[in-house]
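Taking it in order: structure first as structure tokens, then the write-up.
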Amino acid sequence: MRGGRPLRLTGRDPATGRTLRVLVEDGRIAEVRATDEPAELWLAPGLVDLQVNGFAGHDVNAADVDETVVTELVHAVWRAGVTTVVPTIVTAPEEGIRTALSAIARARAADPLVAHTIPYAHVEGPFISAEDGPRGVHDPRYIRRADLDELRRWGDLVGMLTVSPHDDAAIDLIAAAVRLGVRCAIGHTHADPAQITRAVDAGAELSTHLGNGAHAMLPRHPNQLWTQLADDRLYAGFIADGHHLPADTFRAMLRAKGIERSHLVSDTTALGGMPPGRYRTAVGGEVELSEDGRLSYVGTPYLAGASRSLADGVATAISMGDLTLSTALRLASANPGRFTGGRGVLRPGAPADLITFAWRPGDDGMTEALELPALGDEAAYRQAVAE
């Protein structure tokens with residue numbers, strides 16, 4: 001809320017360990033000052049999640065999704081440290097995709113804070129591979145050929161599209177989408193290396209949860225994973241939940257792509273942040289959420305999506321990738337923030353989307369320790385974000 005009282009925050013800098021004092025005015029960071037005073041909590045930019053299908057029981061892909069669901073999803077991810085979220089709509093009939101987009105648009109129109117938190121929507125599919133393996137858990141009934149007219153009918157809220165460039169129609173769609181201002185990501189694909197390169201030439205700039213959404217068995221070389229890792233024009237997202245990628249794979253991929261071109265995503269479903277147990281889903285039937293956050297189809301070894309928050313992904317990435325806290329946070333804030341207008345940074349002039357949290361080396365999660373500034377007082381928190 002502009003013109004309100006200044007907000008002062010204090011916490012340890014993950015990069016240096018020194019205490020930072022931050023002054024917030026009119027929803028933006030006005031001053032950052034380092035001191036030698038002790039601080040118990042750490043202070044960092046809020047996390048930026050480019051892939052959230054749902055969380056804490058709120059599902060943007062549900063048939064009955066409305067603006068209340070979207071608003072409650074925003075509040076749920078705030079409590080888990082995410083201050084910028086890109087709701088992700090998966091493969092569905094066109095009517096279903098447009099219903100979800102309409103709900104997101106209404107929620108943004110009704111609340112400036114929700115509008116700030118959600119910069120745009122990500123549509124993951126329906127123009128992806130229909131083959132088992134690459135399609136993941138996407139409903140094969142609704143996977144279809146790339147269609148520019150359909151993309152246009154979705155409207156301007158779509159800011160990112162995941163597509164499989166396995167044919168000329170998909171590659172042509174990427175070129176047209178980029179001209180319309182839609183960022184394109186390669187994912188859920190059986191495209192060959194030459195098609196991957198053509199997609200990047202056409203304007204694709206991201207890889208969606210690289211290492212997943214692929215065949216279980218690939219040629220040793222060449223294959224589409226090597227091509228995406230090797231092309232410096234592509235930025236790669238990774239799910240660091242300890243289940244989607246083994247530690248060795250995550251570490252090797254991160255080193256191949258480089259920290260600068262990498263970021264973390266949660267890819268959570270509506271079961272993210274829910275208690276362990278068995279659940280029934282609209283697509284896929286009965287699933288089981290284990291104590292360690294593995295979400296799988298009952299009686300099978302197959303994953304049914306992701307359930308751990310992005311904050312937990314930061315903690316897991318530290319151990320899996322042998323990373324510092326500062327680097328892991330960068331992978332979940334400034335790096336994905338480059339795709340949301342430069343968010344995820346702590347410097348004067350930036351939006352005051354900040355989190356404070358407790359963390360110790362060896363922790364396997366951050367979510368329970370996170371404390372968002374003034375979350376208990378929504379009016380004060382509104383002051384801490386740009387409207």
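Following the order of the structure tokens, chains are lettered A, B, ..., residues in each are numbered from 1, and ligands are numbered from 1.
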
Using only C-alpha atoms, tabulate the residues of range 312-367 of chain A lying at most 12 Å from any atom of range 84-97 of chain A, each with its closest atom pair and that distance in Å to one decimal, by chain and increasing residue number, as a Markdown table.
```
| residue | atom | partner | partner_atom | distance |
| --- | --- | --- | --- | --- |
| A:Ala332 | CA | A:Thr84 | CA | 10.5 |
| A:Ser333 | CA | A:Thr84 | CA | 9.0 |
| A:Ala334 | CA | A:Thr84 | CA | 11.2 |
| A:Pro336 | CA | A:Thr84 | CA | 9.8 |
| A:Gly337 | CA | A:Thr84 | CA | 8.4 |
| A:Arg338 | CA | A:Thr84 | CA | 11.8 |
| A:Phe339 | CA | A:Val86 | CA | 10.3 |
| A:Thr340 | CA | A:Thr84 | CA | 8.2 |
| A:Gly341 | CA | A:Thr84 | CA | 10.8 |
| A:Gly342 | CA | A:Thr84 | CA | 11.1 |
| A:Arg343 | CA | A:Thr84 | CA | 8.1 |
| A:Gly344 | CA | A:Thr84 | CA | 8.4 |
| A:Val345 | CA | A:Thr84 | CA | 11.9 |
| A:Pro351 | CA | A:Thr84 | CA | 10.8 |
| A:Ala352 | CA | A:Thr84 | CA | 11.5 |
| A:Asp353 | CA | A:Thr84 | CA | 8.2 |
| A:Leu354 | CA | A:Thr84 | CA | 10.6 |
| A:Ile355 | CA | A:Thr84 | CA | 11.8 |
```

I need the chosen residues saved as a PDB file, in the first residue's frame, with N, CA and C atoms.
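So selection-v2.pdb came out as:
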```
ATOM      1  N   ALA A 332      16.761 -20.284  -7.045  1.00  0.00           N
ATOM      2  CA  ALA A 332      15.320 -20.225  -6.813  1.00  0.00           C
ATOM      3  C   ALA A 332      14.800 -18.800  -6.701  1.00  0.00           C
ATOM      4  N   SER A 333      15.655 -17.817  -6.982  1.00  0.00           N
ATOM      5  CA  SER A 333      15.201 -16.431  -6.887  1.00  0.00           C
ATOM      6  C   SER A 333      15.664 -15.604  -8.081  1.00  0.00           C
ATOM      7  N   ALA A 334      16.903 -15.132  -8.070  1.00  0.00           N
ATOM      8  CA  ALA A 334      17.358 -14.260  -9.153  1.00  0.00           C
ATOM      9  C   ALA A 334      17.364 -14.956 -10.505  1.00  0.00           C
ATOM     10  N   PRO A 336      15.473 -17.664 -11.806  1.00  0.00           N
ATOM     11  CA  PRO A 336      14.151 -17.684 -12.442  1.00  0.00           C
ATOM     12  C   PRO A 336      13.538 -16.294 -12.531  1.00  0.00           C
ATOM     13  N   GLY A 337      13.991 -15.393 -11.650  1.00  0.00           N
ATOM     14  CA  GLY A 337      13.459 -14.039 -11.674  1.00  0.00           C
ATOM     15  C   GLY A 337      13.747 -13.287 -12.957  1.00  0.00           C
ATOM     16  N   ARG A 338      14.777 -13.737 -13.711  1.00  0.00           N
ATOM     17  CA  ARG A 338      15.062 -13.073 -14.991  1.00  0.00           C
ATOM     18  C   ARG A 338      13.900 -13.249 -15.966  1.00  0.00           C
ATOM     19  N   PHE A 339      13.048 -14.253 -15.721  1.00  0.00           N
ATOM     20  CA  PHE A 339      11.897 -14.491 -16.596  1.00  0.00           C
ATOM     21  C   PHE A 339      10.615 -13.866 -16.039  1.00  0.00           C
ATOM     22  N   THR A 340      10.755 -13.069 -14.968  1.00  0.00           N
ATOM     23  CA  THR A 340       9.592 -12.378 -14.401  1.00  0.00           C
ATOM     24  C   THR A 340       9.918 -10.903 -14.185  1.00  0.00           C
ATOM     25  N   GLY A 341      10.671 -10.335 -15.101  1.00  0.00           N
ATOM     26  CA  GLY A 341      10.962  -8.914 -15.031  1.00  0.00           C
ATOM     27  C   GLY A 341      12.073  -8.536 -14.096  1.00  0.00           C
ATOM     28  N   GLY A 342      12.951  -9.496 -13.752  1.00  0.00           N
ATOM     29  CA  GLY A 342      14.088  -9.182 -12.907  1.00  0.00           C
ATOM     30  C   GLY A 342      13.822  -9.279 -11.421  1.00  0.00           C
ATOM     31  N   ARG A 343      12.870 -10.099 -11.016  1.00  0.00           N
ATOM     32  CA  ARG A 343      12.594 -10.261  -9.590  1.00  0.00           C
ATOM     33  C   ARG A 343      13.626 -11.192  -8.945  1.00  0.00           C
ATOM     34  N   GLY A 344      13.486 -11.348  -7.620  1.00  0.00           N
ATOM     35  CA  GLY A 344      14.364 -12.262  -6.916  1.00  0.00           C
ATOM     36  C   GLY A 344      15.701 -11.672  -6.542  1.00  0.00           C
ATOM     37  N   VAL A 345      15.788 -10.347  -6.441  1.00  0.00           N
ATOM     38  CA  VAL A 345      17.049  -9.693  -6.092  1.00  0.00           C
ATOM     39  C   VAL A 345      16.836  -8.802  -4.868  1.00  0.00           C
ATOM     40  N   PRO A 351      11.481  -4.645  -6.124  1.00  0.00           N
ATOM     41  CA  PRO A 351      10.299  -4.914  -5.301  1.00  0.00           C
ATOM     42  C   PRO A 351      10.704  -5.557  -3.979  1.00  0.00           C
ATOM     43  N   ALA A 352      10.029  -5.188  -2.918  1.00  0.00           N
ATOM     44  CA  ALA A 352      10.384  -5.673  -1.587  1.00  0.00           C
ATOM     45  C   ALA A 352       9.733  -7.018  -1.306  1.00  0.00           C
ATOM     46  N   ASP A 353       9.985  -7.983  -2.160  1.00  0.00           N
ATOM     47  CA  ASP A 353       9.506  -9.346  -1.963  1.00  0.00           C
ATOM     48  C   ASP A 353      10.611 -10.091  -1.219  1.00  0.00           C
ATOM     49  N   LEU A 354      10.526 -10.127   0.104  1.00  0.00           N
ATOM     50  CA  LEU A 354      11.624 -10.629   0.911  1.00  0.00           C
ATOM     51  C   LEU A 354      11.126 -11.696   1.881  1.00  0.00           C
ATOM     52  N   ILE A 355      12.011 -12.608   2.246  1.00  0.00           N
ATOM     53  CA  ILE A 355      11.699 -13.634   3.228  1.00  0.00           C
ATOM     54  C   ILE A 355      12.805 -13.672   4.277  1.00  0.00           C
TER      55      ILE A 355
END
```

Original post:
DSSP on the backbone: what in range 108-284 of chain A comes out strand (DSSP E or B), as an MDAnalysis selection string?
Top reply: chainID A and resid 121:124 158:163 183:186 206:207 235:239 262:265 268 277:281

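Comparing the minimum interatomic distances between Leu245 in chain A and each of A:Leu218, A:Leu157, A:Ala317, A:Ala177, counting only C-alpha atoms, we find that A:Ala317 sits nearest.
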
Original post:
Do you have the CA of Pro119 in chain A-CA of Ala328 in chain A distance handy?
Top reply: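 About the pair CA of Pro119 in chain A and CA of Ala328 in chain A: they are 22.8 Å apart.
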
Subject >> Among listed residues A:Arg79, A:His190, A:His58, A:Arg28, nearest Leu271 in chain A (using only C-alpha atoms) >> reply: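 Of all the options, A:His58 lies closest to Leu271 in chain A.
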
Original post:
If you run DSSP on this backbone, which residues of range 54-227 of chain A come out as helix (DSSP H, G or I), and could you give them as a PyMOL selection string?
Top reply: chain A and resi 67-79+94-110+112-117+140-142+148-154+168-179+193-202+224-227

Original post:
Hey, which of A:Gly155, A:Gly17, A:Pro165, A:Gly181 ends up closest to Ala100 in chain A? Count only C-alpha atoms.
Top reply: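 Counting only C-alpha atoms, the residue closest to Ala100 in chain A is A:Gly155.
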
Could you list, as a compact mmCIF listing (two decimals) with C-alpha atoms, in the first residue's frame, every residue within 9 Å of Ile104 in chain A, counting only C-alpha atoms and ignoring same-chain residues fewer than 6 positions away?
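result_26.txt written:
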```txt
# COMPACT_ATOMS: atom_id res chain seq x y z
CA VAL A 60 -5.33 -24.56 -10.90
CA ASP A 66 -12.20 -20.30 -9.79
CA GLU A 67 -10.62 -17.06 -8.59
CA VAL A 69 -8.77 -21.21 -5.60
CA VAL A 70 -6.14 -19.06 -7.30
CA THR A 71 -6.11 -16.52 -4.46
CA PRO A 87 0.50 -20.94 -12.21
CA ILE A 118 1.34 -13.82 -10.53
CA TYR A 120 1.62 -14.45 -16.08
CA ALA A 121 0.53 -18.06 -16.64
CA LEU A 157 -2.16 -13.89 -19.87
```

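The coordinates place CA of Ser102 in chain A at 14.1 Å from CA of Asp59 in chain A.
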
Subject >> Counting only C-alpha atoms, the option among A:Val265, A:Val114, A:Arg21, A:Trp154 closest to Pro348 in chain A >> reply: A:Arg21

Subject >> Interatomic distance, CA of Thr35 in chain A to CA of Arg347 in chain A (Å, one decimal) >> reply: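 We find that CA of Thr35 in chain A and CA of Arg347 in chain A lie 15.7 Å from each other.
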
Original post:
Between A:Gly277, A:Pro134, A:Gly313, A:Gly213, which one has atoms that come closest to Ser296 in chain A, using only C-alpha atoms?
Top reply: A:Gly277

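Shortest atom-to-atom contact with Val158 in chain A among A:Ala176, A:Ala105, A:His188, A:Glu205: A:Ala105, counting only C-alpha atoms.
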
**OP:** With a distance cut-off of 9 Å and only C-alpha atoms, select the neighbouring residues of Thr197 in chain A, excluding the residue or stretch itself and same-chain residues fewer than 5 positions from it, and output the selection as number ranges by chain.
**Re:** A: 192, 202, 227-228, 231

Write the residues of the selection above to a file with N, CA, C and O atoms, as an mmCIF file, in the first residue's frame.
```
data_model
loop_
_atom_site.group_PDB
_atom_site.id
_atom_site.type_symbol
_atom_site.label_atom_id
_atom_site.label_comp_id
_atom_site.auth_asym_id
_atom_site.auth_seq_id
_atom_site.Cartn_x
_atom_site.Cartn_y
_atom_site.Cartn_z
ATOM 1 N N ASP A 192 14.338 -35.151 -31.769
ATOM 2 C CA ASP A 192 15.733 -35.543 -31.925
ATOM 3 C C ASP A 192 16.628 -34.308 -31.789
ATOM 4 O O ASP A 192 16.139 -33.171 -31.746
ATOM 5 N N ALA A 202 14.486 -21.146 -33.547
ATOM 6 C CA ALA A 202 13.195 -20.471 -33.717
ATOM 7 C C ALA A 202 12.863 -19.553 -32.548
ATOM 8 O O ALA A 202 11.928 -18.756 -32.638
ATOM 9 N N THR A 227 21.909 -32.363 -26.165
ATOM 10 C CA THR A 227 21.767 -31.157 -26.989
ATOM 11 C C THR A 227 21.276 -29.979 -26.162
ATOM 12 O O THR A 227 21.767 -28.850 -26.302
ATOM 13 N N GLN A 228 20.326 -30.214 -25.280
ATOM 14 C CA GLN A 228 19.824 -29.129 -24.441
ATOM 15 C C GLN A 228 20.865 -28.673 -23.427
ATOM 16 O O GLN A 228 20.990 -27.469 -23.142
ATOM 17 N N ASP A 231 23.619 -26.511 -25.422
ATOM 18 C CA ASP A 231 23.268 -25.261 -26.102
ATOM 19 C C ASP A 231 23.184 -24.126 -25.082
ATOM 20 O O ASP A 231 22.269 -24.072 -24.249
#
```

**OP:** Determine, counting only C-alpha atoms, which protein, DNA and RNA residues have an atom within 9 Å of an atom of range 198-200 of chain A; residues of the same chain fewer than 2 positions away are not included. Present the result as a list in words.
**Re:** Ser164, Pro165, Ala170, Ile171, Asp172, Ile174, Ala175, Ile186, Pro193, Ala194, Gln195, Ile196, Ala202, Gly203, Ala204, Glu205, Leu206, Asp231, Arg233 and Leu234 of chain A

Original post:
Any idea what's packed within 10 Å of Gly349 in chain A, counting only C-alpha atoms, ignoring anything in its chain fewer than 3 positions away? Could you give it as a PyMOL selection string?
Top reply: chain A and resi 24-25+27-31+345-346+352

Selection to disk with N, CA and C atoms, as a PDB file, in the first residue's frame:
```
ATOM      1  N   VAL A  24      12.267  -0.580   3.617  1.00  0.00           N
ATOM      2  CA  VAL A  24      11.276  -0.689   2.544  1.00  0.00           C
ATOM      3  C   VAL A  24      10.372   0.533   2.582  1.00  0.00           C
ATOM      4  N   GLU A  25      10.219   1.182   1.437  1.00  0.00           N
ATOM      5  CA  GLU A  25       9.317   2.320   1.308  1.00  0.00           C
ATOM      6  C   GLU A  25       8.514   2.190   0.021  1.00  0.00           C
ATOM      7  N   GLY A  27       6.626  -0.041  -1.083  1.00  0.00           N
ATOM      8  CA  GLY A  27       6.653  -1.348  -1.727  1.00  0.00           C
ATOM      9  C   GLY A  27       7.959  -1.725  -2.380  1.00  0.00           C
ATOM     10  N   ARG A  28       8.995  -0.901  -2.224  1.00  0.00           N
ATOM     11  CA  ARG A  28      10.282  -1.206  -2.843  1.00  0.00           C
ATOM     12  C   ARG A  28      11.413  -1.064  -1.822  1.00  0.00           C
ATOM     13  N   ILE A  29      12.508  -1.742  -2.118  1.00  0.00           N
ATOM     14  CA  ILE A  29      13.672  -1.658  -1.256  1.00  0.00           C
ATOM     15  C   ILE A  29      14.297  -0.274  -1.424  1.00  0.00           C
ATOM     16  N   ALA A  30      14.376   0.466  -0.329  1.00  0.00           N
ATOM     17  CA  ALA A  30      14.939   1.811  -0.381  1.00  0.00           C
ATOM     18  C   ALA A  30      16.408   1.824   0.000  1.00  0.00           C
ATOM     19  N   GLU A  31      16.805   0.917   0.894  1.00  0.00           N
ATOM     20  CA  GLU A  31      18.189   0.921   1.373  1.00  0.00           C
ATOM     21  C   GLU A  31      18.571  -0.458   1.866  1.00  0.00           C
ATOM     22  N   VAL A 345      15.788 -10.347  -6.441  1.00  0.00           N
ATOM     23  CA  VAL A 345      17.049  -9.693  -6.092  1.00  0.00           C
ATOM     24  C   VAL A 345      16.836  -8.802  -4.868  1.00  0.00           C
ATOM     25  N   LEU A 346      17.913  -8.600  -4.133  1.00  0.00           N
ATOM     26  CA  LEU A 346      17.866  -7.765  -2.948  1.00  0.00           C
ATOM     27  C   LEU A 346      18.780  -6.577  -3.185  1.00  0.00           C
ATOM     28  N   ALA A 352      10.029  -5.188  -2.918  1.00  0.00           N
ATOM     29  CA  ALA A 352      10.384  -5.673  -1.587  1.00  0.00           C
ATOM     30  C   ALA A 352       9.733  -7.018  -1.306  1.00  0.00           C
TER      31      ALA A 352
END
```

**OP:** Find the residues around Thr281 in chain A up to 12 Å (only C-alpha atoms counted), leave out those fewer than 2 positions away in its own chain, and share them as an MDAnalysis selection string.
**Re:** chainID A and resid 57 59 61:63 137 269:271 278:279 283:289 295:298 304:305
